>>> print(open('input_20.csv').read())   # CSV, C-alpha atoms
chain,number,residue,atom,x,y,z
A,1,MET,CA,-1.3,-5.4,15.3
A,2,LEU,CA,0.3,-6.4,12.0
A,3,GLU,CA,-2.9,-5.9,10.1
A,4,VAL,CA,-3.6,-2.6,11.7
A,5,ARG,CA,0.0,-1.5,10.9
A,6,LYS,CA,-0.5,-2.6,7.3
A,7,ILE,CA,-3.7,-0.6,7.0
A,8,PHE,CA,-2.2,2.6,8.5
A,9,GLU,CA,1.1,2.3,6.7
A,10,VAL,CA,-0.3,1.6,3.3
A,11,GLY,CA,-2.8,4.4,3.7
A,12,ALA,CA,-0.1,6.9,4.9
A,13,ALA,CA,2.2,5.8,2.1
A,14,ALA,CA,-0.5,6.4,-0.4
A,15,SER,CA,-1.4,9.8,1.0
A,16,ALA,CA,2.0,11.2,1.7
A,17,PRO,CA,3.2,11.6,-1.9
A,18,ILE,CA,0.1,13.6,-2.6
A,19,HIS,CA,0.0,15.8,0.5
A,20,HIS,CA,3.6,16.1,1.6
A,21,THR,CA,5.5,19.4,2.0
A,22,GLU,CA,9.2,20.1,1.3
A,23,GLU,CA,9.8,20.0,5.1
A,24,ASP,CA,8.3,16.5,5.2
A,25,ILE,CA,10.8,15.4,2.5
A,26,LYS,CA,13.7,16.9,4.3
A,27,SER,CA,12.6,15.2,7.5
A,28,MET,CA,12.4,11.8,5.9
A,29,MET,CA,15.7,12.2,4.0
A,30,GLN,CA,17.4,13.2,7.3
A,31,ILE,CA,16.0,10.1,9.0
A,32,LEU,CA,17.1,7.8,6.1
A,33,ASP,CA,20.6,9.4,6.3
A,34,GLU,CA,20.8,8.7,10.0
A,35,MET,CA,19.6,5.1,9.5
A,36,LYS,CA,22.5,4.5,7.1
A,37,GLN,CA,25.0,5.8,9.7
A,38,VAL,CA,23.7,3.5,12.5
A,39,GLN,CA,23.3,0.2,10.7
A,40,GLU,CA,25.2,-1.6,13.4
A,41,ASP,CA,23.1,-0.2,16.2
A,42,ASP,CA,19.9,-2.2,16.2
A,43,GLU,CA,18.2,-0.2,19.0
A,44,LEU,CA,18.9,3.2,17.4
A,45,GLY,CA,18.0,1.8,14.0
A,46,GLU,CA,14.6,0.6,15.4
A,47,LYS,CA,14.0,4.1,16.9
A,48,LEU,CA,14.8,5.7,13.6
A,49,ASP,CA,12.7,3.2,11.7
A,50,PHE,CA,9.7,4.2,13.9
A,51,GLN,CA,10.5,7.9,13.3
A,52,PHE,CA,10.5,7.3,9.6
A,53,HIS,CA,7.0,5.8,9.9
A,54,VAL,CA,5.9,8.8,11.9
A,55,ALA,CA,7.4,11.1,9.3
A,56,ILE,CA,5.4,9.3,6.6
A,57,SER,CA,2.2,9.6,8.5
A,58,SER,CA,2.9,13.3,9.2
A,59,ALA,CA,3.5,13.8,5.5
A,60,SER,CA,0.0,12.5,4.8
A,61,GLN,CA,-1.2,15.7,6.5
A,62,ASN,CA,-3.8,13.7,8.3
A,63,PRO,CA,-3.6,14.7,12.0
A,64,LEU,CA,-5.8,11.8,13.1
A,65,LEU,CA,-3.4,9.3,11.5
A,66,ALA,CA,-0.5,10.8,13.3
A,67,THR,CA,-2.4,10.9,16.6
A,68,ILE,CA,-3.4,7.2,16.3
A,69,LEU,CA,0.2,6.3,15.4
A,70,ASN,CA,1.5,8.1,18.5
A,71,GLN,CA,-1.1,6.4,20.7
A,72,VAL,CA,-0.1,2.9,19.6
A,73,SER,CA,3.6,3.7,19.3
A,74,ASN,CA,4.8,1.3,22.1
A,75,VAL,CA,2.8,-1.6,20.6
A,76,MET,CA,3.9,-0.7,17.1
A,77,THR,CA,7.5,-0.4,18.1
A,78,GLU,CA,7.4,-3.9,19.6
A,79,THR,CA,5.6,-5.2,16.5
A,80,MET,CA,8.3,-3.7,14.2
A,81,LYS,CA,11.0,-5.3,16.3
A,82,GLU,CA,9.3,-8.7,16.0
A,83,THR,CA,8.8,-8.3,12.3
A,84,ARG,CA,12.5,-7.4,11.9
A,85,ARG,CA,13.5,-10.5,13.9
A,86,ILE,CA,11.3,-12.7,11.8
A,87,TRP,CA,12.7,-11.2,8.6
A,88,LEU,CA,16.3,-11.6,9.8
A,89,TYR,CA,15.6,-15.2,10.8
A,90,SER,CA,14.1,-15.8,7.4
A,91,LYS,CA,17.2,-14.4,5.6
A,92,LYS,CA,19.5,-16.5,7.8
A,93,GLN,CA,17.5,-19.6,6.9
A,94,GLN,CA,17.6,-18.7,3.2
A,95,ALA,CA,21.4,-18.3,3.5
A,96,LYS,CA,21.7,-21.6,5.3
A,97,ASN,CA,19.6,-23.4,2.7
A,98,CYS,CA,21.7,-21.9,-0.1
A,99,THR,CA,24.9,-23.0,1.6
A,100,MET,CA,23.5,-26.5,2.0
A,101,ASN,CA,22.4,-26.7,-1.6
A,102,ILE,CA,25.9,-25.6,-2.7
A,103,TYR,CA,27.3,-28.6,-0.9
A,104,LYS,CA,24.7,-30.9,-2.3
A,105,PHE,CA,25.1,-29.7,-5.9
A,106,PRO,CA,28.4,-31.6,-6.6
A,107,LEU,CA,26.9,-34.7,-5.1
A,108,ARG,CA,24.0,-34.5,-7.6
A,109,LEU,CA,26.4,-33.9,-10.4
A,110,ASN,CA,28.4,-37.0,-9.5
A,111,SER,CA,25.3,-39.2,-9.2
A,112,LYS,CA,24.1,-38.1,-12.7
A,113,THR,CA,27.5,-38.7,-14.3
A,114,LYS,CA,27.7,-42.2,-12.8
A,115,SER,CA,24.3,-43.2,-14.2
>>> encode(input="input_20.csv", output="structure tokens")
Amino acid sequence: MLEVRKIFEVGAAASAPIHHTEEDIKSMMQILDEMKQVQEDDELGEKLDFQFHVAISSASQNPLLATILNQVSNVMTETMKETRRIWLYSKKQQAKNCTMNIYKFPLRLNSKTKS
């Protein structure tokens, strides 16, 4: 599903700037504003994230793209959740590695000065 998402989302993102209407821009801006307000509510954030993807596909003015997106919405929503979990885990691991490196840095300095 990730590859299918990538194909659809890249295509929609390429087409939307060319074919969008002012109403499409307003819709996307409204969704982005709502996303900022609900940053602590993961479930609502995920719903808004999907709505944003739907708004982009709608802005492409390709009804087939929007139809396909709606038909795979449940699978796509789950894939988006899983992608977000992987991304968050990756960020936590990066933070953990940075923290560990901070503690190791003085040890490396001490060993170099003793040599």
>>> closest_residue(input="input_20.csv", among="A:Asn70, A:Thr83, A:Gln37, A:Ser90", to="Ser58 (chain A)", atoms="all atoms listed in the file")
A:Asn70
>>> atom_distance(input="input_20.csv", atom1="CA of Ser57 (chain A)", atom2="CA of Ala12 (chain A)")
5.1 Å
>>> atom_distance(input="input_20.csv", atom1="CA of Gly45 (chain A)", atom2="CA of Leu32 (chain A)")
10.0 Å
>>> closest_residue(input="input_20.csv", among="A:Met28, A:Val75, A:Met35, A:Ile68", to="Phe52 (chain A)", atoms="all atoms listed in the file")
A:Met28
>>> atom_distance(input="input_20.csv", atom1="CA of Val10 (chain A)", atom2="CA of Glu40 (chain A)")
27.6 Å
>>> closest_residue(input="input_20.csv", among="A:Asn62, A:Asp49, A:Ile31, A:Val38", to="Ala16 (chain A)", atoms="only C-alpha atoms")
A:Asn62
>>> closest_residue(input="input_20.csv", among="A:Gln30, A:Gln39, A:Gln51, A:Ser60", to="Met76 (chain A)", atoms="all atoms listed in the file")
A:Gln51
>>> closest_residue(input="input_20.csv", among="A:Pro17, A:Glu82, A:Phe8, A:Glu34", to="Val54 (chain A)", atoms="all atoms listed in the file")
A:Phe8
